[in-house]
file start38.cif (mmCIF, C-alpha atoms)
data_start
#
loop_
_atom_site.label_atom_id
_atom_site.label_comp_id
_atom_site.auth_asym_id
_atom_site.auth_seq_id
_atom_site.Cartn_x
_atom_site.Cartn_y
_atom_site.Cartn_z
CA MET A 8 17.79 -15.56 5.65
CA THR A 9 15.51 -16.30 2.77
CA ALA A 10 11.74 -16.15 2.89
CA ALA A 11 9.93 -19.28 3.97
CA GLU A 12 8.81 -21.36 1.03
CA PRO A 13 5.51 -23.23 0.86
CA SER A 14 5.64 -26.39 2.87
CA HIS A 15 7.67 -29.13 1.31
CA LEU A 16 6.55 -31.71 3.84
CA LEU A 17 3.22 -33.51 4.08
CA ASP A 18 2.03 -35.45 7.09
CA ALA A 19 0.52 -38.88 6.55
CA ARG A 20 -2.96 -38.01 7.81
CA THR A 21 -3.30 -35.11 5.39
CA ALA A 22 -1.90 -37.22 2.59
CA LEU A 23 -4.47 -39.91 3.34
CA ALA A 24 -7.33 -37.42 3.39
CA ARG A 25 -6.30 -35.86 0.09
CA ARG A 26 -4.96 -38.95 -1.64
CA ALA A 27 -7.36 -38.73 -4.59
CA ARG A 28 -5.72 -35.49 -5.71
CA LEU A 29 -2.13 -36.55 -5.13
CA VAL A 30 0.40 -38.40 -7.23
CA PHE A 31 2.45 -40.66 -4.99
CA ILE A 32 5.99 -41.53 -5.99
CA GLU A 33 7.93 -44.23 -4.20
CA VAL A 34 11.67 -43.60 -4.26
CA ALA A 35 14.13 -46.46 -3.85
CA PRO A 36 17.58 -45.57 -2.47
CA TRP A 37 20.71 -46.00 -4.54
CA ARG A 38 22.05 -48.54 -2.06
CA VAL A 39 20.72 -50.60 0.82
CA MET A 40 20.14 -48.21 3.72
CA ALA A 41 18.50 -50.55 6.24
CA GLN A 42 19.14 -54.15 7.15
CA GLY A 43 16.58 -56.94 7.37
CA PRO A 44 13.47 -57.77 5.40
CA ASP A 45 11.08 -55.04 4.34
CA PRO A 46 8.56 -54.80 7.19
CA ILE A 47 5.73 -53.57 4.95
CA ALA A 48 4.57 -55.78 2.10
CA GLY A 49 2.68 -53.34 -0.10
CA SER A 50 2.92 -49.81 -1.43
CA ILE A 51 0.61 -46.81 -1.52
CA PRO A 52 -2.01 -47.65 -4.15
CA ASP A 53 -1.14 -46.41 -7.65
CA ALA A 54 2.22 -45.06 -6.51
CA LEU A 55 4.77 -44.62 -9.24
CA ARG A 56 7.95 -46.56 -8.48
CA THR A 57 11.25 -44.79 -9.04
CA SER A 58 14.81 -44.98 -7.83
CA VAL A 59 17.50 -42.43 -7.07
CA ARG A 60 19.96 -43.90 -9.51
CA SER A 61 17.68 -44.36 -12.51
CA ASP A 62 15.33 -41.38 -12.10
CA PHE A 63 17.06 -38.72 -10.03
CA ALA A 64 20.69 -39.04 -11.09
CA GLY A 65 22.52 -38.74 -14.37
CA THR A 66 25.40 -40.70 -15.79
CA PRO A 67 28.64 -40.17 -13.88
CA THR A 68 31.58 -38.64 -15.72
CA ALA A 69 35.29 -38.58 -14.96
CA ASP A 70 34.89 -35.29 -13.09
CA SER A 71 31.51 -35.73 -11.47
CA GLY A 72 30.38 -37.38 -8.30
CA HIS A 73 28.86 -40.82 -8.46
CA LEU A 74 25.28 -39.50 -8.57
CA PRO A 75 25.35 -36.32 -10.68
CA LEU A 76 22.22 -34.40 -11.52
CA PRO A 77 20.32 -35.73 -14.51
CA LYS A 78 19.48 -33.43 -17.40
CA ARG A 79 16.46 -31.26 -16.65
CA ALA A 80 14.89 -32.25 -19.95
CA ALA A 81 15.32 -35.92 -19.09
CA VAL A 82 13.54 -35.49 -15.76
CA ARG A 83 10.66 -33.71 -17.45
CA ALA A 84 10.45 -36.22 -20.27
CA SER A 85 10.44 -39.12 -17.85
CA ALA A 86 7.64 -37.50 -15.87
CA ARG A 87 5.64 -36.82 -19.02
CA ALA A 88 6.04 -40.44 -20.00
CA HIS A 89 4.27 -41.31 -16.77
CA GLY A 90 1.54 -38.74 -17.38
CA ILE A 91 2.88 -36.27 -14.86
CA GLY A 92 3.11 -32.54 -15.52
CA PRO A 93 4.56 -29.55 -13.71
CA ALA A 94 1.26 -28.67 -12.05
CA ASP A 95 0.63 -32.08 -10.52
CA ASP A 96 0.69 -32.43 -6.77
CA LEU A 97 3.55 -34.85 -6.17
CA VAL A 98 4.18 -36.67 -2.89
CA LEU A 99 7.46 -38.53 -2.51
CA TYR A 100 8.07 -41.27 -0.02
CA THR A 101 10.44 -44.10 0.83
CA ARG A 102 9.62 -47.53 2.14
CA ARG A 103 11.80 -47.13 5.23
CA ILE A 104 12.53 -44.11 7.32
CA GLU A 105 16.28 -44.74 7.03
CA GLU A 106 15.83 -43.99 3.33
CA LEU A 107 14.15 -40.60 3.81
CA SER A 108 17.06 -38.72 2.26
CA SER A 109 16.32 -40.49 -1.04
CA ALA A 110 12.91 -38.80 -1.08
CA ALA A 111 14.69 -35.53 -0.29
CA ARG A 112 17.02 -36.06 -3.26
CA ALA A 113 14.02 -36.70 -5.52
CA TRP A 114 12.36 -33.55 -4.11
CA PHE A 115 15.51 -31.55 -4.91
CA VAL A 116 15.71 -32.84 -8.48
CA LEU A 117 12.02 -32.40 -9.23
CA THR A 118 11.77 -28.85 -7.84
CA TRP A 119 15.01 -27.94 -9.61
CA ALA A 120 13.49 -29.35 -12.81
CA GLY A 121 10.47 -27.08 -12.46
CA PHE A 122 7.76 -29.15 -10.77
CA ARG A 123 5.73 -26.71 -8.72
CA SER A 124 4.22 -28.85 -6.00
CA VAL A 125 6.55 -31.47 -4.65
CA ARG A 126 6.32 -32.66 -1.08
CA VAL A 127 7.97 -35.37 0.96
CA LEU A 128 5.73 -37.63 3.00
CA ASP A 129 6.87 -37.19 6.58
CA GLY A 130 7.76 -40.56 8.03
CA GLY A 131 7.49 -42.33 4.68
CA LEU A 132 5.50 -45.51 4.16
CA PRO A 133 5.61 -46.50 7.86
CA ALA A 134 3.82 -43.25 8.77
CA TRP A 135 1.26 -43.86 6.02
CA VAL A 136 0.50 -47.32 7.41
CA ARG A 137 0.32 -45.98 10.97
CA ALA A 138 -2.20 -43.39 9.79
CA GLY A 139 -4.40 -46.18 8.45
CA GLY A 140 -3.45 -45.75 4.81
CA PRO A 141 -4.17 -48.71 2.54
CA THR A 142 -1.44 -50.59 0.73
CA THR A 143 -1.44 -52.75 -2.34
CA ARG A 144 1.16 -54.95 -3.94
CA PRO A 145 3.90 -52.94 -5.60
CA ARG A 146 3.06 -52.25 -9.22
CA GLN A 147 5.18 -51.88 -12.27
CA PRO A 148 5.82 -48.36 -13.51
CA ARG A 149 2.71 -46.79 -14.96
CA PRO A 150 2.46 -46.85 -18.73
CA ALA A 151 3.16 -43.72 -20.66
CA GLY A 152 0.18 -41.46 -20.94
CA PRO A 153 -0.96 -37.92 -21.51
CA VAL A 154 -0.23 -35.26 -18.92
CA ARG A 155 -3.08 -35.18 -16.44
CA ASP A 156 -4.28 -31.66 -16.99
CA HIS A 157 -4.58 -32.19 -20.75
CA VAL A 158 -2.82 -28.95 -21.55
CA ALA A 159 0.69 -28.39 -22.76
CA PRO A 160 2.83 -28.14 -19.61
CA ALA A 161 4.19 -24.71 -18.85
CA TRP A 162 7.56 -25.10 -17.19
CA PRO A 163 8.49 -22.23 -14.92
CA PRO A 164 11.80 -20.50 -15.55
CA GLY A 165 14.66 -20.78 -13.08
CA ASP A 166 15.73 -23.52 -10.75
CA GLY A 167 12.70 -23.80 -8.48
CA GLY A 168 14.56 -22.10 -5.62
CA ARG A 169 17.21 -24.79 -5.51
CA ARG A 170 20.89 -23.90 -5.73
CA VAL A 171 23.38 -26.31 -7.21
CA LEU A 172 26.94 -25.69 -6.04
CA GLU A 173 30.06 -26.11 -8.11
CA THR A 174 33.54 -26.66 -6.66
CA THR A 175 34.37 -22.95 -6.72
CA ASP A 176 31.16 -22.16 -4.85
CA VAL A 177 32.04 -24.74 -2.22
CA LEU A 178 35.50 -23.27 -1.68
CA GLU A 179 33.96 -19.81 -1.29
CA ILE A 180 31.26 -20.97 1.12
CA ALA A 181 33.80 -22.86 3.22
CA ARG A 182 35.78 -19.62 3.55
CA TYR A 183 33.01 -17.11 4.15
CA GLY A 184 29.76 -18.94 4.77
CA THR A 185 28.71 -22.23 6.32
CA LEU A 186 29.44 -25.57 4.71
CA LEU A 187 27.73 -28.63 6.19
CA ASP A 188 29.01 -32.20 5.87
CA SER A 189 26.11 -34.59 6.38
CA ARG A 190 28.10 -37.84 6.38
CA PRO A 191 28.67 -39.97 9.48
CA ALA A 192 31.35 -38.82 11.92
CA SER A 193 33.77 -41.54 10.82
CA SER A 194 33.73 -40.29 7.23
CA TYR A 195 34.04 -36.67 8.34
CA GLY A 196 37.04 -37.47 10.53
CA GLY A 197 38.87 -39.51 7.92
CA THR A 198 41.58 -42.11 8.42
CA PRO A 199 45.24 -41.31 9.05
CA ASP A 200 46.60 -43.69 6.42
CA ASP A 201 44.56 -42.33 3.52
CA PRO A 202 45.36 -38.75 2.55
CA ARG A 203 42.13 -38.33 0.56
CA THR A 204 39.79 -39.01 3.47
CA GLY A 205 38.32 -36.47 5.85
CA HIS A 206 36.29 -33.41 4.97
CA ILE A 207 36.39 -30.15 3.08
CA PRO A 208 38.32 -27.62 5.22
CA HIS A 209 36.11 -25.66 7.64
CA ALA A 210 33.06 -27.82 6.90
CA ILE A 211 30.86 -28.38 9.93
CA HIS A 212 29.80 -31.91 10.76
CA ALA A 213 26.01 -32.15 10.44
CA HIS A 214 24.98 -35.79 10.20
CA SER A 215 21.64 -35.85 8.40
CA ALA A 216 20.39 -38.89 10.35
CA GLU A 217 20.08 -36.58 13.36
CA LEU A 218 17.23 -34.76 11.64
CA ILE A 219 14.94 -37.73 12.14
CA ALA A 220 13.21 -38.11 15.49
CA PRO A 221 12.88 -41.49 17.23
CA ASP A 222 9.28 -41.74 16.01
CA GLY A 223 10.51 -41.76 12.43
CA LEU A 224 9.27 -38.26 11.59
CA LEU A 225 11.38 -35.25 10.78
CA ARG A 226 12.16 -33.38 13.97
CA PRO A 227 9.70 -30.58 14.90
CA PRO A 228 10.48 -27.09 13.52
CA THR A 229 11.82 -25.69 16.80
CA GLU A 230 14.26 -28.58 17.15
CA LEU A 231 15.26 -28.29 13.51
CA ARG A 232 15.93 -24.60 13.92
CA LYS A 233 18.09 -25.12 17.00
CA TRP A 234 19.94 -27.90 15.20
CA PHE A 235 20.70 -25.59 12.29
CA LEU A 236 21.53 -22.64 14.55
CA SER A 237 23.99 -24.70 16.56
CA ARG A 238 25.79 -25.51 13.30
CA ARG A 239 25.88 -21.86 12.16
CA ALA A 240 23.54 -22.74 9.32
CA ILE A 241 20.90 -20.04 9.79
CA GLY A 242 21.57 -16.51 8.62
CA GLY A 243 22.33 -14.24 5.72
CA GLN A 244 25.56 -16.01 4.87
CA GLU A 245 25.63 -18.63 2.14
CA VAL A 246 24.98 -22.13 3.41
CA GLY A 247 25.93 -25.23 1.47
CA ALA A 248 25.77 -28.97 2.09
CA TYR A 249 27.49 -32.06 0.77
CA CYS A 250 27.79 -35.76 1.55
CA GLY A 251 29.08 -38.66 -0.53
CA GLY A 252 26.92 -38.18 -3.59
CA GLY A 253 24.30 -35.51 -2.91
CA VAL A 254 21.65 -37.71 -1.33
CA SER A 255 21.88 -37.50 2.46
CA SER A 256 22.81 -33.81 2.16
CA ALA A 257 19.57 -33.24 0.20
CA LEU A 258 17.81 -33.83 3.49
CA LEU A 259 19.62 -30.79 4.92
CA VAL A 260 18.45 -28.77 1.91
CA LEU A 261 14.88 -29.90 2.51
CA ALA A 262 15.02 -29.13 6.23
CA GLY A 263 16.56 -25.75 5.46
CA ALA A 264 13.71 -24.97 3.06
CA LEU A 265 11.21 -25.82 5.78
CA LEU A 266 12.92 -23.21 7.97
CA GLY A 267 13.18 -20.59 5.23
CA GLN A 268 16.93 -21.03 4.95
CA GLN A 269 18.33 -21.68 1.51
CA VAL A 270 20.96 -24.41 1.53
CA GLY A 271 22.86 -25.01 -1.69
CA LEU A 272 23.63 -28.60 -2.64
CA TYR A 273 27.06 -29.71 -3.79
CA VAL A 274 25.70 -32.63 -5.78
CA ASP A 275 29.11 -33.98 -6.78
CA SER A 276 30.02 -34.08 -3.11
CA TRP A 277 32.88 -36.02 -1.59
CA SER A 278 32.89 -38.68 -4.33
CA ALA A 279 34.18 -36.01 -6.73
CA TRP A 280 36.21 -33.97 -4.23
CA GLU A 281 38.31 -36.89 -3.03
CA ARG A 282 39.42 -37.73 -6.58
CA ASP A 283 40.79 -34.27 -7.34
CA GLY A 284 44.19 -34.10 -5.69
CA SER A 285 44.34 -30.33 -6.13
CA LEU A 286 41.49 -29.78 -3.67
CA PRO A 287 42.29 -29.39 0.03
CA VAL A 288 41.30 -31.96 2.62
CA GLU A 289 41.12 -31.64 6.38
CA LYS A 290 41.01 -34.47 8.93
CA GLY A 291 39.76 -34.83 12.45
CA ALA A 292 36.66 -33.98 14.41
CA VAL A 293 37.68 -30.48 15.48
CA LEU A 294 36.11 -27.62 13.57
CA THR A 295 38.58 -25.08 12.23
CA ARG A 296 37.92 -21.44 11.50
CA SER A 297 38.57 -19.91 8.13
CA ALA A 298 41.41 -17.42 8.13
CA ALA A 299 39.42 -15.34 5.66
CA VAL A 300 36.97 -14.24 8.32
CA ASP A 301 38.07 -11.38 10.52
CA THR A 302 36.95 -12.19 14.05
CA ASP A 303 38.84 -9.34 15.64
CA CYS A 304 37.39 -5.94 16.26
CA GLY A 305 39.36 -4.11 13.64
CA MET B 23 23.12 11.96 43.16
CA SER B 24 26.18 10.99 45.16
CA ASP B 25 29.56 11.42 43.48
CA LYS B 26 30.88 8.35 45.22
CA VAL B 27 32.63 6.00 42.75
CA THR B 28 32.47 2.23 42.83
CA VAL B 29 34.32 -0.34 40.70
CA ILE B 30 31.88 -2.70 38.98
CA SER B 31 34.28 -4.75 36.84
CA ASN B 32 37.90 -5.47 37.50
CA LEU B 33 39.84 -7.69 35.07
CA HIS B 34 43.46 -8.53 34.44
CA GLY B 35 44.49 -9.37 30.89
CA ARG B 36 47.88 -10.65 29.79
CA THR B 37 49.66 -12.28 26.90
CA THR B 38 50.62 -15.94 27.20
CA ASP B 39 53.37 -18.14 25.84
CA ILE B 40 51.18 -18.86 22.84
CA ARG B 41 51.36 -16.16 20.21
CA GLY B 42 48.05 -14.34 19.95
CA ARG B 43 46.48 -16.03 22.99
CA TYR B 44 45.47 -14.09 26.05
CA THR B 45 44.07 -14.77 29.48
CA ILE B 46 41.63 -12.44 31.11
CA ALA B 47 41.11 -13.06 34.78
CA GLY B 48 38.71 -11.69 37.32
CA PRO B 49 37.94 -12.60 40.88
CA GLY B 50 37.34 -16.36 40.72
CA PHE B 51 37.37 -16.89 36.97
CA GLU B 52 39.64 -16.84 33.94
CA ILE B 53 38.73 -16.49 30.27
CA VAL B 54 41.04 -17.51 27.44
CA SER B 55 40.82 -15.42 24.30
CA ASP B 56 42.53 -15.70 20.91
CA GLY B 57 43.45 -13.23 18.24
CA SER B 58 42.13 -14.21 14.82
CA LEU B 59 44.07 -16.33 12.35
CA ARG B 60 44.16 -13.28 10.13
CA SER B 61 46.05 -11.33 12.79
CA GLY B 62 48.42 -14.20 13.57
CA GLY B 63 46.56 -15.62 16.55
CA PRO B 64 45.42 -19.22 17.01
CA GLY B 65 41.79 -18.32 16.28
CA GLU B 66 40.49 -21.14 18.45
CA GLU B 67 39.32 -19.67 21.74
CA ALA B 68 36.82 -16.83 22.09
CA SER B 69 37.66 -13.81 19.97
CA SER B 70 37.29 -10.26 21.20
CA LEU B 71 34.08 -10.05 19.21
CA ASP B 72 32.80 -13.27 20.77
CA LEU B 73 33.38 -11.74 24.20
CA LEU B 74 31.44 -8.64 23.24
CA VAL B 75 28.51 -10.75 22.04
CA ALA B 76 28.81 -12.95 25.10
CA SER B 77 28.20 -9.98 27.36
CA LEU B 78 24.93 -9.18 25.60
CA VAL B 79 23.87 -12.83 25.57
CA SER B 80 24.66 -13.23 29.24
CA CYS B 81 22.67 -10.14 30.11
CA ALA B 82 19.70 -11.22 27.96
CA LEU B 83 19.69 -14.72 29.46
CA ASN B 84 19.61 -13.17 32.89
CA ALA B 85 16.74 -10.85 32.00
CA PHE B 86 14.58 -13.35 30.13
CA ARG B 87 15.08 -15.93 32.87
CA HIS B 88 13.29 -13.95 35.53
CA ASP B 89 11.80 -10.65 34.31
CA PHE B 90 8.04 -10.50 35.03
CA VAL B 91 8.11 -13.86 36.79
CA GLU B 92 5.84 -13.58 39.78
CA SER B 93 7.09 -14.57 43.19
CA GLY B 94 6.86 -18.30 43.75
CA GLN B 95 6.61 -19.10 40.05
CA PRO B 96 9.39 -21.13 38.38
CA GLU B 97 11.94 -19.23 36.38
CA ARG B 98 12.11 -19.76 32.62
CA GLN B 99 14.43 -21.92 30.58
CA VAL B 100 16.06 -19.79 27.91
CA GLU B 101 18.39 -20.49 25.01
CA ILE B 102 19.95 -17.83 22.83
CA PHE B 103 21.76 -18.37 19.55
CA ALA B 104 23.62 -15.18 18.66
CA ARG B 105 25.48 -14.28 15.51
CA ILE B 106 26.96 -11.16 13.99
CA GLU B 107 26.38 -10.74 10.29
CA ARG B 108 28.26 -8.31 8.09
CA LYS B 109 29.52 -8.10 4.54
CA ALA B 110 32.67 -10.17 4.22
CA GLU B 111 34.85 -7.12 3.65
CA GLY B 112 32.71 -4.62 5.55
CA ASP B 113 34.57 -2.10 7.70
CA TYR B 114 31.76 -1.87 10.24
CA LEU B 115 31.02 -4.07 13.21
CA GLY B 116 27.92 -5.70 11.78
CA THR B 117 24.43 -6.55 12.99
CA LEU B 118 23.88 -8.84 15.93
CA VAL B 119 21.01 -11.29 15.53
CA MET B 120 19.85 -12.97 18.72
CA GLU B 121 17.45 -15.88 18.28
CA CYS B 122 15.91 -16.40 21.70
CA PHE B 123 14.00 -19.52 22.71
CA ILE B 124 12.01 -18.71 25.82
CA ASP B 125 9.95 -21.47 27.37
CA GLY B 126 6.53 -20.83 28.81
CA VAL B 127 5.73 -17.42 27.33
CA ASP B 128 3.49 -16.24 24.51
CA HIS B 129 4.44 -13.77 21.80
CA VAL B 130 3.14 -10.78 23.76
CA THR B 131 5.22 -11.61 26.81
CA ALA B 132 8.25 -12.34 24.64
CA ASP B 133 7.96 -8.92 23.04
CA GLU B 134 7.58 -7.33 26.48
CA LEU B 135 10.69 -9.13 27.69
CA VAL B 136 12.68 -7.84 24.74
CA ALA B 137 11.36 -4.31 25.26
CA GLU B 138 12.30 -4.42 28.93
CA TYR B 139 15.77 -5.68 28.09
CA LYS B 140 16.29 -2.89 25.58
CA LYS B 141 15.15 -0.34 28.08
CA ARG B 142 17.25 -1.56 30.95
CA CYS B 143 20.45 -3.14 29.65
CA ARG B 144 23.23 -0.56 29.85
CA ILE B 145 25.54 -2.61 27.67
CA TYR B 146 22.93 -2.88 24.94
CA ASN B 147 22.21 0.83 25.13
CA ALA B 148 25.90 1.71 25.02
CA LEU B 149 26.47 -0.44 21.93
CA LYS B 150 23.26 -0.26 19.94
CA GLU B 151 24.30 2.58 17.65
CA SER B 152 27.46 0.79 16.53
CA LEU B 153 26.11 -2.73 16.84
CA PRO B 154 22.43 -2.90 15.92
CA VAL B 155 20.73 -5.85 17.59
CA VAL B 156 17.87 -7.80 16.03
CA PHE B 157 15.92 -9.98 18.44
CA VAL B 158 14.11 -13.01 17.04
CA PRO B 159 12.04 -14.38 19.91
CA HIS B 160 10.74 -17.93 19.62
CA THR B 161 8.12 -18.92 22.12
CA SER B 162 6.90 -22.40 23.00
CA GLY B 163 5.32 -23.78 19.87
CA SER B 164 5.94 -20.66 17.80
CA LEU B 165 7.60 -22.69 15.07
CA GLY B 166 5.25 -25.56 15.25
#
call {"tool": "encode", "arguments": {"input": "start38.cif", "output": "structure tokens"}}
result
Amino acid sequence: MTAAEPSHLLDARTALARRARLVFIEVAPWRVMAQGPDPIAGSIPDALRTSVRSDFAGTPTADSGHLPLPKRAAVRASARAHGIGPADDLVLYTRRIEELSSAARAWFVLTWAGFRSVRVLDGGLPAWVRAGGPTTRPRQPRPAGPVRDHVAPAWPPGDGGRRVLETTDVLEIARYGTLLDSRPASSYGGTPDDPRTGHIPHAIHAHSAELIAPDGLLRPPTELRKWFLSRRAIGGQEVGAYCGGGVSSALLVLAGALLGQQVGLYVDSWSAWERDGSLPVEKGAVLTRSAAVDTDCG
Amino acid sequence: MSDKVTVISNLHGRTTDIRGRYTIAGPGFEIVSDGSLRSGGPGEEASSLDLLVASLVSCALNAFRHDFVESGQPERQVEIFARIERKAEGDYLGTLVMECFIDGVDHVTADELVAEYKKRCRIYNALKESLPVVFVPHTSGSLG
């Protein structure tokens, strides 16, 4: 178990009270996540508008998933162009709660790129409105400007506590640790007539939508911990997560960080795995045990 | 102390038609247990190690449910998530971590419940040198 990190989640009331000191970033998902018209007309005033595909993903390659990580330098340069530096207090949100994982993906990328204070607004824009937060018409991206603190940004070394998993890491974690598959059950189970559907062998089904409570907020810490414990995802073993393209699984990484459990993210995810015929695939809903782990007494 | 002997557990274990699968029966119950995949068993049902952990979990659930509950008061709801951690190729049993969610108690009472369990549970005391146990008590609201 890793040490608990500073909170990565911000409730709407606190965000509202401290809004003058915060930089709000609205994150649009890479695809439509919710049906019907947008129920809220405006955005948080002065929020910077971004999207997963253009701001928090790089260009796909033949070997990568469909939403690979962008270059660190590109993330930093893009932020600088908007006048944002590593010391700014960033708050990420989505317009709809069904899109929350997109804010989690942005959180992953920004912390990995070295931004020190990055938090996800719990409940997104709906929670902001419920808390009495004002909205204005969505604005165009802010013009380029100087970094707010008027000093040359000092980027911290390392990966901000985030772990990016490669294929070899995933194979190892599936054998010895805990690998979580955050896609819906139908994707996890696969279809009989397509050999490249299903899941990575020994991965545990952990649908990320279950992390959100009926009120649209992330589940309380006790519930989150039980949810992770029941999926063998708390402990000293390595824990990893994947989905289709490293977005919904980013929500598992965020929830893990809230609990003090590091969860590595296989960004390439299933969209890369399924294309490589040399990689093993398992079908069905039943969890299988790795033969590498000795569960006998001797 | 009387030297009269009594039998406190009486089980019958046997192999089955499935390679590496065993049944263990007692009066009124039957448990199915599997050898690991590594040893040629199915590795699906409870392993021998699972059964060892289960005995400690069962005992702890029983203790935390009613220890220090005053007469007439409702008994507690308890959940325990138990895991054994060890190095992948370690030749020792490992460390058992028991995360215990005990409703309706504060941290002080939770610590007292754990202390009482450690003092009284014969299974825990018989195993603790070879299988260290770490209790992580969570009380109502302790994570909130």
call {"tool": "resolve_selection", "arguments": {"input": "start38.cif", "expression": "the PyMOL selection byres ((chain A) within 12 of (chain B))", "output": "MDAnalysis selection string"}}
result
chainID A and resid 8 11 179:180 182:184 226:245 265:267 293:305
call {"tool": "atom_distance", "arguments": {"input": "start38.cif", "atom1": "CA of Ala41 (chain A)", "atom2": "CA of Ile104 (chain A)"}}
result
8.8 Å
call {"tool": "residues_near_point", "arguments": {"input": "start38.cif", "point": "(39.9, -12.7, 36.9)", "cutoff": "10 Å", "atoms": "only C-alpha atoms", "output": "list in words"}}
result
Ser31, Asn32, Leu33, His34, Gly35, Thr45, Ile46, Ala47, Gly48, Pro49, Gly50, Phe51, Glu52 and Ile53 of chain B
call {"tool": "resolve_selection", "arguments": {"input": "start38.cif", "expression": "the PyMOL selection byres ((chain B and resi 158) around 7)", "output": "MDAnalysis selection string"}}
result
chainID B and resid 120:122 156:157 159:160
call {"tool": "closest_residue", "arguments": {"input": "start38.cif", "among": "A:Asp95, A:Glu173, A:Glu33, A:Asp200", "to": "Ala111 (chain A)", "atoms": "all atoms listed in the file"}}
result
A:Glu33
call {"tool": "closest_residue", "arguments": {"input": "start38.cif", "among": "B:Glu138, B:Leu78, B:Gly126, B:Asp133", "to": "Gln95 (chain B)", "atoms": "only C-alpha atoms"}}
result
B:Gly126
call {"tool": "atom_distance", "arguments": {"input": "start38.cif", "atom1": "CA of Trp37 (chain A)", "atom2": "CA of Ala113 (chain A)"}}
result
11.5 Å
call {"tool": "resolve_selection", "arguments": {"input": "start38.cif", "expression": "the PyMOL selection byres ((chain A and resi 30) around 9)", "output": "short mmCIF file (atom, residue, chain, number, x, y, z; two decimals) with C-alpha atoms, in the coordinates of the input"}}
result
data_model
loop_
_atom_site.label_atom_id
_atom_site.label_comp_id
_atom_site.auth_asym_id
_atom_site.auth_seq_id
_atom_site.Cartn_x
_atom_site.Cartn_y
_atom_site.Cartn_z
CA ARG A 26 -4.96 -38.95 -1.64
CA ALA A 27 -7.36 -38.73 -4.59
CA ARG A 28 -5.72 -35.49 -5.71
CA LEU A 29 -2.13 -36.55 -5.13
CA PHE A 31 2.45 -40.66 -4.99
CA ILE A 32 5.99 -41.53 -5.99
CA ASP A 53 -1.14 -46.41 -7.65
CA ALA A 54 2.22 -45.06 -6.51
CA LEU A 55 4.77 -44.62 -9.24
CA ILE A 91 2.88 -36.27 -14.86
CA ASP A 95 0.63 -32.08 -10.52
CA ASP A 96 0.69 -32.43 -6.77
CA LEU A 97 3.55 -34.85 -6.17
CA VAL A 98 4.18 -36.67 -2.89
CA LEU A 99 7.46 -38.53 -2.51
#
call {"tool": "closest_residue", "arguments": {"input": "start38.cif", "among": "A:Ser108, A:Leu286, A:Arg123, A:His15", "to": "His214 (chain A)", "atoms": "only C-alpha atoms"}}
result
A:Ser108
call {"tool": "residues_around", "arguments": {"input": "start38.cif", "residues": "Trp280 (chain A)", "least_positions_apart": "6", "cutoff": "12 Å", "atoms": "all atoms listed in the file", "output": "ChimeraX atom specification"}}
result
/A:69-73,173-175,177-178,203-208,249-252,273-274,286-289
call {"tool": "write_last_selection", "arguments": {"input": "start38.cif", "atoms": "C-alpha atoms", "output": "PDB file, in the frame of the given file"}}
result
ATOM      1  CA  ALA A  69      35.290 -38.580 -14.960  1.00  0.00           C
ATOM      2  CA  ASP A  70      34.890 -35.290 -13.090  1.00  0.00           C
ATOM      3  CA  SER A  71      31.510 -35.730 -11.470  1.00  0.00           C
ATOM      4  CA  GLY A  72      30.380 -37.380  -8.300  1.00  0.00           C
ATOM      5  CA  HIS A  73      28.860 -40.820  -8.460  1.00  0.00           C
ATOM      6  CA  GLU A 173      30.060 -26.110  -8.110  1.00  0.00           C
ATOM      7  CA  THR A 174      33.540 -26.660  -6.660  1.00  0.00           C
ATOM      8  CA  THR A 175      34.370 -22.950  -6.720  1.00  0.00           C
ATOM      9  CA  VAL A 177      32.040 -24.740  -2.220  1.00  0.00           C
ATOM     10  CA  LEU A 178      35.500 -23.270  -1.680  1.00  0.00           C
ATOM     11  CA  ARG A 203      42.130 -38.330   0.560  1.00  0.00           C
ATOM     12  CA  THR A 204      39.790 -39.010   3.470  1.00  0.00           C
ATOM     13  CA  GLY A 205      38.320 -36.470   5.850  1.00  0.00           C
ATOM     14  CA  HIS A 206      36.290 -33.410   4.970  1.00  0.00           C
ATOM     15  CA  ILE A 207      36.390 -30.150   3.080  1.00  0.00           C
ATOM     16  CA  PRO A 208      38.320 -27.620   5.220  1.00  0.00           C
ATOM     17  CA  TYR A 249      27.490 -32.060   0.770  1.00  0.00           C
ATOM     18  CA  CYS A 250      27.790 -35.760   1.550  1.00  0.00           C
ATOM     19  CA  GLY A 251      29.080 -38.660  -0.530  1.00  0.00           C
ATOM     20  CA  GLY A 252      26.920 -38.180  -3.590  1.00  0.00           C
ATOM     21  CA  TYR A 273      27.060 -29.710  -3.790  1.00  0.00           C
ATOM     22  CA  VAL A 274      25.700 -32.630  -5.780  1.00  0.00           C
ATOM     23  CA  LEU A 286      41.490 -29.780  -3.670  1.00  0.00           C
ATOM     24  CA  PRO A 287      42.290 -29.390   0.030  1.00  0.00           C
ATOM     25  CA  VAL A 288      41.300 -31.960   2.620  1.00  0.00           C
ATOM     26  CA  GLU A 289      41.120 -31.640   6.380  1.00  0.00           C
TER      27      GLU A 289
END
call {"tool": "atom_distance", "arguments": {"input": "start38.cif", "atom1": "CA of Ala132 (chain B)", "atom2": "CA of Phe86 (chain B)"}}
result
8.4 Å
call {"tool": "residues_around", "arguments": {"input": "start38.cif", "residues": "region 164-167 of chain A", "least_positions_apart": "4", "cutoff": "7 Å", "atoms": "all atoms listed in the file", "output": "number ranges by chain"}}
result
A: 118-121
